[in-house]
Amino acid sequence: MRQIEEPARQIPVLLDVDIVVVGGGTTGPLAAIAAARQNKRVVLIERFGSLGGNLTLGLNTKPSGALLGGLPLEIWNLARSTGAAGADYIAKTKTGGVNIASPCDPEIMKMLLTRLCADSGVQILFETLVSRPVMEGNTVVGVVIENKSGRSFIGAKVVIDCSADGDVAAAAGAPFIMGSGEKGEDLKMQPVGMYFTMADVDLIALSRWARTTDDIPAQAIPDDDAQLDYGLWLTGFNKTIQAYKKETGITLPRENITLKTANGLMYVNATRVLDVDVFSPTQFSDAVIECYRQIDEYAAFLIKKVPGFEKSRIAQIAPVLGVRETRHIEGEYTLTTDDVMHGTPFEDTIAVDVSAFDVHAPKGEDVDFQGLKPYEIPYRCMVPKGVEQLLVAGRCISADHGAHGRSRNMPACMATGQAAGIAASIAVGSNTTVRHIPVENMQSILKSIGMPLRPADLASP
Ligand SMILES: Cc1cc2nc3c(=O)[nH]c(=O)nc-3n(C[C@H](O)[C@H](O)[C@H](O)COP(=O)(O)OP(=O)(O)OC[C@H]3O[C@@H](n4cnc5c(N)ncnc54)[C@H](O)[C@@H]3O)c2cc1C
């Protein structure tokens with residue numbers, strides 16, 4: 001590729017803080033709030049104009065697992081108290097029931113997250129991109145940011161990378177693998193997709209039909225129609241889609257789709273594009289264009305073929321492409337498929353998680369969604385090898401492809417964000433490195449804010 005020289009230049013120092021959190025998505029706000037509540041100076045940097053990432057902008061809305069305590073549950077309870085989330089429900093699947101936190105209203109959630117950050121004293125920088133880390137040897141000492149006023153530097157004692165792709169960790173030299181880390185045809189990486197919503201769906205007619213058809217093998221349908229606004233979750237539709245494709249000749253790549261309600265709107269998870277290198281600007285943009293084509297077609301399918309959708313219309317399209325898997329930063333420990341299947345106990349556990357196992361087959365065959373027993377997430381998955389004063393939290397923690405099928409879910413992401421914020425604040429407060437913090441101090445703070453760390457902590461009182 002042809003290259004040009006970018007001239008070196010002096011840039012201003014905008015701020016010097018204790019902790020920089022990169023990315024204000026599903027994970028970053030929890031890291032920032034947790035650290036700020038420990039009286040640390042925290043900056044949260046987000047490239048878009050609102051918080052929540054895939055949770056809000058991505059229109060995901062529903063953590064695939066119960067929120068068990070600490071900040072994640074505090075946020076959800078706050079949402080419930082304002083009518084922005086409903087009650088948890090059991091999703092019945094082929095392999096048994098999965099306890100799922102109710103979806104939230106993503107627009108209200110943006111405001112709640114922002115208010116919680118502001119109330120905790122977090123300085124948010126919206127519409128600001130973190131371009132790169134600044135290093136002294138192998139220690140991160142801050143980040144270069146870019147926004148409407150140009151480029152500037154923010155100095156930090158600890159940086160927490162919640163960018164989902166591990167942008168800062170990778171640029172700092174932390175080792176990583178993409179997806180399963182295999183080469184060529186063997187590479188396993190979950191596909192990308194884009195949510196959209198439909199308004200004016202007759203939820204009562206849809207739920208009546210869903211109860212009687214054999215085409216929705218996984219479902220949660222509330223007995224009380226008053227709960228439909230947040231409580232309807234339907235996965236399947238394979239036979240109806242196959243028949244439609246045969247009748248029309250239209251290409252719909254995904255035959256197993258999911259519908260769920262939040263605040264009365266229908267959220268549709270149906271699009272799918274395989275083999276996208278999201279770090280290629282052209283492949284990324286082509287995937288967005290393909291998602292738009294699919295949204296048009298899936299909406300038409302729903303209106304024509306699924307009872308309850310007759311008078312519905314597209315209300316909203318996620319302004320961001322939904323990316324399920326990219327870099328897994330290599331940490332001091334890599335969570336394995338076996339760990340999340342069987343619940344390996346860890347001395348340095350930061351949370352017990354009950355997220356579903358949720359793998360969209362990289363070659364597009366089907367979705368493996370199942371409830372499994374609780375598992376523990378060790379702190380070492382968030383401590384990258386080879387780089388000092390850096391933590392990773394959220395989707396990019398150190399996990400193999402199978403383990404990522406659980407740890408990428410929002411309950412796990414939020415839990416790692418919370419723990420990273422507390423760990424960073426301990427390191428700053430005691431002049432030690434994040435690699436060497438006394439883990440028991442972090443665990444005792446986590447327990448004091450009500451976060452269960454082990455399966456035994458979940459036993460009913
Ligand atoms: C289509 C789809 C459906 C899903 N369904 C579910 C589901 O039903 N239930 C579930 O629990 N999980 C689901 N997931 C997974 C889950 O939503 C994500 O794994 C999780 O939200 C990731 O959280 P995160 O904080 O790591 O990333 P994000 O929420 O993506 O947040 C990352 C944030 O960092 C910002 N950022 C990135 N780079 C920079 C930078 N350089 N500078 C500044 N800001 C930056 C981004 O703008 C973003 O706000 C789904 C994922 C997809 C794609």
# chains A, B, ... in the order shown; residues from 1 in each chain; ligands from 1
call {"tool": "select_by_dssp", "arguments": {"residues": "range 141-292 of chain A", "states": "strand (DSSP E)", "output": "VMD selection string"}}
result
chain A and resid 141 to 147 150 to 161 176 to 178 196 to 199 218 to 220 233 to 236 257 to 262 265 to 269
call {"tool": "write_last_selection", "arguments": {"atoms": "N, CA and C atoms", "output": "short mmCIF file (atom, residue, chain, number, x, y, z; two decimals), in the first residue's frame"}}
result
data_model
loop_
_atom_site.label_atom_id
_atom_site.label_comp_id
_atom_site.auth_asym_id
_atom_site.auth_seq_id
_atom_site.Cartn_x
_atom_site.Cartn_y
_atom_site.Cartn_z
N VAL A 141 1.15 5.61 29.97
CA VAL A 141 1.11 6.82 30.82
C VAL A 141 0.02 7.79 30.38
N GLY A 142 -0.76 7.42 29.41
CA GLY A 142 -1.86 8.28 28.97
C GLY A 142 -2.28 7.92 27.55
N VAL A 143 -3.18 8.76 27.02
CA VAL A 143 -3.69 8.49 25.67
C VAL A 143 -3.75 9.78 24.87
N VAL A 144 -3.58 9.63 23.56
CA VAL A 144 -3.81 10.75 22.65
C VAL A 144 -5.26 10.66 22.20
N ILE A 145 -5.96 11.79 22.30
CA ILE A 145 -7.37 11.81 21.89
C ILE A 145 -7.53 12.77 20.71
N GLU A 146 -8.64 12.62 20.03
CA GLU A 146 -8.92 13.48 18.87
C GLU A 146 -10.40 13.82 18.87
N ASN A 147 -10.69 15.12 18.76
CA ASN A 147 -12.09 15.55 18.64
C ASN A 147 -12.12 16.86 17.85
N GLY A 150 -9.19 19.10 17.75
CA GLY A 150 -7.91 18.55 17.30
C GLY A 150 -7.42 17.47 18.22
N ARG A 151 -6.09 17.28 18.24
CA ARG A 151 -5.51 16.21 19.05
C ARG A 151 -4.98 16.78 20.36
N SER A 152 -5.12 16.01 21.43
CA SER A 152 -4.52 16.41 22.71
C SER A 152 -4.19 15.14 23.50
N PHE A 153 -3.53 15.37 24.65
CA PHE A 153 -3.06 14.25 25.46
C PHE A 153 -3.75 14.27 26.82
N ILE A 154 -4.10 13.09 27.32
CA ILE A 154 -4.60 12.98 28.69
C ILE A 154 -3.67 12.01 29.43
N GLY A 155 -3.03 12.51 30.47
CA GLY A 155 -2.16 11.66 31.27
C GLY A 155 -2.97 10.87 32.29
N ALA A 156 -2.54 9.62 32.56
CA ALA A 156 -3.28 8.77 33.51
C ALA A 156 -2.32 7.82 34.22
N LYS A 157 -2.69 7.49 35.46
CA LYS A 157 -1.89 6.49 36.19
C LYS A 157 -2.29 5.07 35.76
N VAL A 158 -3.56 4.92 35.39
CA VAL A 158 -4.04 3.62 34.88
C VAL A 158 -5.00 3.90 33.73
N VAL A 159 -4.91 3.08 32.69
CA VAL A 159 -5.87 3.16 31.58
C VAL A 159 -6.66 1.84 31.55
N ILE A 160 -7.97 1.98 31.42
CA ILE A 160 -8.83 0.78 31.31
C ILE A 160 -9.41 0.77 29.89
N ASP A 161 -9.08 -0.27 29.16
CA ASP A 161 -9.52 -0.37 27.76
C ASP A 161 -10.87 -1.09 27.72
N PHE A 176 -2.48 -10.54 21.40
CA PHE A 176 -3.91 -10.86 21.25
C PHE A 176 -4.10 -11.88 20.15
N ILE A 177 -5.27 -12.51 20.15
CA ILE A 177 -5.67 -13.33 19.01
C ILE A 177 -6.98 -12.76 18.47
N MET A 178 -7.21 -12.97 17.18
CA MET A 178 -8.51 -12.59 16.60
C MET A 178 -9.39 -13.84 16.65
N PHE A 196 -32.71 -3.73 14.44
CA PHE A 196 -33.66 -2.66 14.11
C PHE A 196 -34.92 -2.87 14.95
N THR A 197 -35.76 -1.84 15.02
CA THR A 197 -37.00 -1.99 15.79
C THR A 197 -38.20 -1.80 14.87
N MET A 198 -39.34 -2.38 15.28
CA MET A 198 -40.59 -2.18 14.56
C MET A 198 -41.66 -1.69 15.53
N ALA A 199 -42.37 -0.66 15.10
CA ALA A 199 -43.44 -0.08 15.91
C ALA A 199 -44.79 -0.58 15.41
N ALA A 218 -37.73 -21.55 21.05
CA ALA A 218 -37.22 -20.88 22.26
C ALA A 218 -38.07 -19.64 22.48
N GLN A 219 -38.60 -19.49 23.69
CA GLN A 219 -39.54 -18.38 23.90
C GLN A 219 -39.75 -18.02 25.36
N ALA A 220 -40.13 -16.78 25.58
CA ALA A 220 -40.67 -16.34 26.86
C ALA A 220 -41.92 -15.53 26.52
N TRP A 233 -40.18 -12.61 24.28
CA TRP A 233 -38.88 -12.99 23.66
C TRP A 233 -39.13 -14.24 22.83
N LEU A 234 -38.89 -14.15 21.54
CA LEU A 234 -39.20 -15.27 20.63
C LEU A 234 -38.01 -15.55 19.73
N THR A 235 -37.55 -16.80 19.72
CA THR A 235 -36.43 -17.17 18.85
C THR A 235 -36.81 -18.38 18.02
N GLY A 236 -36.58 -18.31 16.71
CA GLY A 236 -36.91 -19.42 15.81
C GLY A 236 -37.34 -18.85 14.48
N ILE A 257 -34.18 -16.31 13.82
CA ILE A 257 -34.13 -14.90 14.22
C ILE A 257 -34.75 -14.72 15.61
N THR A 258 -34.42 -13.60 16.23
CA THR A 258 -34.94 -13.33 17.58
C THR A 258 -35.71 -12.01 17.60
N LEU A 259 -36.88 -12.05 18.23
CA LEU A 259 -37.67 -10.84 18.47
C LEU A 259 -37.81 -10.65 19.97
N LYS A 260 -37.69 -9.41 20.43
CA LYS A 260 -37.94 -9.16 21.86
C LYS A 260 -38.52 -7.76 22.02
N THR A 261 -39.30 -7.59 23.08
CA THR A 261 -39.91 -6.27 23.30
C THR A 261 -39.16 -5.50 24.38
N ALA A 262 -39.14 -4.19 24.20
CA ALA A 262 -38.70 -3.28 25.27
C ALA A 262 -39.52 -2.02 25.13
N LEU A 265 -41.85 -1.54 22.08
CA LEU A 265 -41.29 -1.62 20.73
C LEU A 265 -40.78 -3.04 20.48
N MET A 266 -40.78 -3.48 19.22
CA MET A 266 -40.25 -4.79 18.89
C MET A 266 -38.82 -4.66 18.38
N TYR A 267 -37.89 -5.31 19.06
CA TYR A 267 -36.47 -5.29 18.67
C TYR A 267 -36.18 -6.56 17.86
N VAL A 268 -35.63 -6.39 16.68
CA VAL A 268 -35.44 -7.52 15.76
C VAL A 268 -33.95 -7.78 15.57
N ASN A 269 -33.54 -8.99 15.91
CA ASN A 269 -32.15 -9.42 15.73
C ASN A 269 -32.16 -10.47 14.63
#
call {"tool": "residues_near_ligand", "arguments": {"ligand": "ligand 1", "cutoff": "7 Å", "atoms": "only C-alpha atoms and all ligand atoms", "output": "PyMOL selection string"}}
result
chain A and resi 22-28+45-48+51-55+60+62-65+128-131+162-165+167+192-195+269+322-324+355+393-396+408-411+413
call {"tool": "closest_atom_pairs", "arguments": {"of": "range 341-363 of chain A", "to": "range 90-113 of chain A", "cutoff": "12 Å", "atoms": "only C-alpha atoms", "output": "JSON lines"}}
result
{"residue": "A:Asp353", "atom": "CA", "partner": "A:Asn99", "partner_atom": "CA", "distance": 11.7}
{"residue": "A:Val354", "atom": "CA", "partner": "A:Asn99", "partner_atom": "CA", "distance": 8.2}
{"residue": "A:Ser355", "atom": "CA", "partner": "A:Ile100", "partner_atom": "CA", "distance": 8.1}
{"residue": "A:Ala356", "atom": "CA", "partner": "A:Val98", "partner_atom": "CA", "distance": 6.8}
{"residue": "A:Phe357", "atom": "CA", "partner": "A:Val98", "partner_atom": "CA", "distance": 9.8}
{"residue": "A:Asp358", "atom": "CA", "partner": "A:Val98", "partner_atom": "CA", "distance": 11.3}
call {"tool": "select_by_dssp", "arguments": {"residues": "range 78-300 of chain A", "states": "helix (DSSP H, G or I)", "output": "PyMOL selection string"}}
result
chain A and resi 78-81+106-120+167-171+184-186+203-212+225-231+238-248+281-300
call {"tool": "write_last_selection", "arguments": {"atoms": "C-alpha atoms", "output": "PDB file, in the first residue's frame"}}
result
ATOM      1  CA  LEU A  78     -32.829   2.224  38.688  1.00  0.00           C
ATOM      2  CA  ALA A  79     -34.114   1.573  35.160  1.00  0.00           C
ATOM      3  CA  ARG A  80     -37.003  -0.471  36.585  1.00  0.00           C
ATOM      4  CA  SER A  81     -37.892   2.311  39.016  1.00  0.00           C
ATOM      5  CA  PRO A 106     -32.110   2.039  25.438  1.00  0.00           C
ATOM      6  CA  GLU A 107     -32.984   5.741  25.118  1.00  0.00           C
ATOM      7  CA  ILE A 108     -33.727   6.065  28.829  1.00  0.00           C
ATOM      8  CA  MET A 109     -30.713   3.914  29.671  1.00  0.00           C
ATOM      9  CA  LYS A 110     -28.460   6.446  27.870  1.00  0.00           C
ATOM     10  CA  MET A 111     -29.718   9.128  30.263  1.00  0.00           C
ATOM     11  CA  LEU A 112     -29.422   6.937  33.372  1.00  0.00           C
ATOM     12  CA  LEU A 113     -25.829   5.959  32.592  1.00  0.00           C
ATOM     13  CA  THR A 114     -24.897   9.570  31.911  1.00  0.00           C
ATOM     14  CA  ARG A 115     -26.541  10.762  35.116  1.00  0.00           C
ATOM     15  CA  LEU A 116     -24.843   8.066  37.213  1.00  0.00           C
ATOM     16  CA  CYS A 117     -21.452   8.998  35.730  1.00  0.00           C
ATOM     17  CA  ALA A 118     -21.994  12.709  36.288  1.00  0.00           C
ATOM     18  CA  ASP A 119     -23.289  12.165  39.849  1.00  0.00           C
ATOM     19  CA  SER A 120     -20.201  10.068  40.676  1.00  0.00           C
ATOM     20  CA  ASP A 167      -7.710  -0.904  20.551  1.00  0.00           C
ATOM     21  CA  VAL A 168      -5.477   0.594  23.229  1.00  0.00           C
ATOM     22  CA  ALA A 169      -4.164  -2.725  24.517  1.00  0.00           C
ATOM     23  CA  ALA A 170      -3.232  -3.860  21.009  1.00  0.00           C
ATOM     24  CA  ALA A 171      -1.536  -0.552  20.196  1.00  0.00           C
ATOM     25  CA  GLY A 184      -7.659 -19.154   7.194  1.00  0.00           C
ATOM     26  CA  GLU A 185     -10.651 -21.467   6.872  1.00  0.00           C
ATOM     27  CA  ASP A 186     -10.211 -22.673  10.443  1.00  0.00           C
ATOM     28  CA  LEU A 203     -48.202  -7.880  20.661  1.00  0.00           C
ATOM     29  CA  ILE A 204     -51.294  -9.717  21.848  1.00  0.00           C
ATOM     30  CA  ALA A 205     -51.965 -11.224  18.397  1.00  0.00           C
ATOM     31  CA  LEU A 206     -48.288 -12.142  18.025  1.00  0.00           C
ATOM     32  CA  SER A 207     -48.102 -13.822  21.433  1.00  0.00           C
ATOM     33  CA  ARG A 208     -51.313 -15.806  20.798  1.00  0.00           C
ATOM     34  CA  TRP A 209     -49.865 -17.103  17.515  1.00  0.00           C
ATOM     35  CA  ALA A 210     -46.451 -17.787  19.106  1.00  0.00           C
ATOM     36  CA  ARG A 211     -48.110 -20.019  21.716  1.00  0.00           C
ATOM     37  CA  THR A 212     -49.691 -22.209  19.067  1.00  0.00           C
ATOM     38  CA  ASP A 225     -50.674  -9.405  28.574  1.00  0.00           C
ATOM     39  CA  ALA A 226     -49.774  -6.337  30.659  1.00  0.00           C
ATOM     40  CA  GLN A 227     -46.200  -7.715  30.797  1.00  0.00           C
ATOM     41  CA  LEU A 228     -45.834  -7.940  27.009  1.00  0.00           C
ATOM     42  CA  ASP A 229     -44.166  -4.527  26.689  1.00  0.00           C
ATOM     43  CA  TYR A 230     -40.932  -5.859  28.232  1.00  0.00           C
ATOM     44  CA  GLY A 231     -41.543  -9.594  28.550  1.00  0.00           C
ATOM     45  CA  ASN A 238     -36.933 -21.088  10.691  1.00  0.00           C
ATOM     46  CA  LYS A 239     -39.788 -22.864   8.888  1.00  0.00           C
ATOM     47  CA  THR A 240     -41.686 -19.639   8.163  1.00  0.00           C
ATOM     48  CA  ILE A 241     -38.529 -18.029   6.756  1.00  0.00           C
ATOM     49  CA  GLN A 242     -37.618 -21.091   4.690  1.00  0.00           C
ATOM     50  CA  ALA A 243     -41.116 -21.146   3.143  1.00  0.00           C
ATOM     51  CA  TYR A 244     -40.910 -17.391   2.418  1.00  0.00           C
ATOM     52  CA  LYS A 245     -37.508 -17.760   0.768  1.00  0.00           C
ATOM     53  CA  LYS A 246     -38.831 -20.577  -1.416  1.00  0.00           C
ATOM     54  CA  GLU A 247     -41.882 -18.535  -2.389  1.00  0.00           C
ATOM     55  CA  THR A 248     -40.027 -15.270  -3.145  1.00  0.00           C
ATOM     56  CA  PRO A 281     -12.813   0.297   6.410  1.00  0.00           C
ATOM     57  CA  THR A 282     -14.232  -0.994   3.142  1.00  0.00           C
ATOM     58  CA  GLN A 283     -15.331  -4.411   4.463  1.00  0.00           C
ATOM     59  CA  PHE A 284     -16.898  -2.719   7.494  1.00  0.00           C
ATOM     60  CA  SER A 285     -18.841  -0.303   5.288  1.00  0.00           C
ATOM     61  CA  ASP A 286     -19.917  -3.070   2.898  1.00  0.00           C
ATOM     62  CA  ALA A 287     -21.291  -4.970   5.913  1.00  0.00           C
ATOM     63  CA  VAL A 288     -23.375  -1.928   6.932  1.00  0.00           C
ATOM     64  CA  ILE A 289     -24.775  -1.693   3.383  1.00  0.00           C
ATOM     65  CA  GLU A 290     -25.626  -5.417   3.396  1.00  0.00           C
ATOM     66  CA  CYS A 291     -27.328  -5.076   6.816  1.00  0.00           C
ATOM     67  CA  TYR A 292     -29.526  -2.290   5.447  1.00  0.00           C
ATOM     68  CA  ARG A 293     -30.566  -4.559   2.544  1.00  0.00           C
ATOM     69  CA  GLN A 294     -31.385  -7.357   4.973  1.00  0.00           C
ATOM     70  CA  ILE A 295     -33.332  -5.049   7.331  1.00  0.00           C
ATOM     71  CA  ASP A 296     -35.570  -4.040   4.437  1.00  0.00           C
ATOM     72  CA  GLU A 297     -36.170  -7.694   3.534  1.00  0.00           C
ATOM     73  CA  TYR A 298     -36.697  -9.009   7.073  1.00  0.00           C
ATOM     74  CA  ALA A 299     -39.151  -6.189   7.849  1.00  0.00           C
ATOM     75  CA  ALA A 300     -41.114  -7.046   4.697  1.00  0.00           C
TER      76      ALA A 300
END
call {"tool": "residues_around", "arguments": {"residues": "Thr337 in chain A", "least_positions_apart": "6", "cutoff": "9 Å", "atoms": "only C-alpha atoms", "output": "PyMOL selection string"}}
result
chain A and resi 399-406
call {"tool": "residues_around", "arguments": {"residues": "Ala420 in chain A", "least_positions_apart": "4", "cutoff": "7 Å", "atoms": "only C-alpha atoms", "output": "PyMOL selection string"}}
result
chain A and resi 31+391+393+416+424
call {"tool": "atom_distance", "arguments": {"atom1": "CA of Asp18 in chain A", "atom2": "CA of Met451 in chain A"}}
result
24.1 Å
call {"tool": "atom_distance", "arguments": {"atom1": "CA of Pro253 in chain A", "atom2": "CA of Leu302 in chain A"}}
result
15.0 Å
call {"tool": "residues_around", "arguments": {"residues": "Val43 in chain A", "least_positions_apart": "6", "cutoff": "7 Å", "atoms": "only C-alpha atoms", "output": "short mmCIF file (atom, residue, chain, number, x, y, z; two decimals) with N, CA and C atoms, in the first residue's frame"}}
result
data_model
loop_
_atom_site.label_atom_id
_atom_site.label_comp_id
_atom_site.auth_asym_id
_atom_site.auth_seq_id
_atom_site.Cartn_x
_atom_site.Cartn_y
_atom_site.Cartn_z
N ILE A 19 -7.37 7.91 36.37
CA ILE A 19 -7.79 6.76 35.55
C ILE A 19 -8.50 7.25 34.29
N VAL A 20 -8.04 6.75 33.15
CA VAL A 20 -8.75 6.98 31.89
C VAL A 20 -9.49 5.71 31.53
N VAL A 21 -10.78 5.83 31.22
CA VAL A 21 -11.55 4.70 30.72
C VAL A 21 -11.82 4.96 29.24
N VAL A 122 -17.55 11.53 37.39
CA VAL A 122 -16.79 11.13 36.19
C VAL A 122 -16.83 12.28 35.17
N GLN A 123 -15.67 12.63 34.63
CA GLN A 123 -15.63 13.59 33.51
C GLN A 123 -15.84 12.80 32.22
N ILE A 124 -16.95 13.06 31.53
CA ILE A 124 -17.19 12.36 30.26
C ILE A 124 -16.71 13.23 29.12
#
call {"tool": "atom_distance", "arguments": {"atom1": "CA of Val320 in chain A", "atom2": "CA of Gly58 in chain A"}}
result
5.8 Å
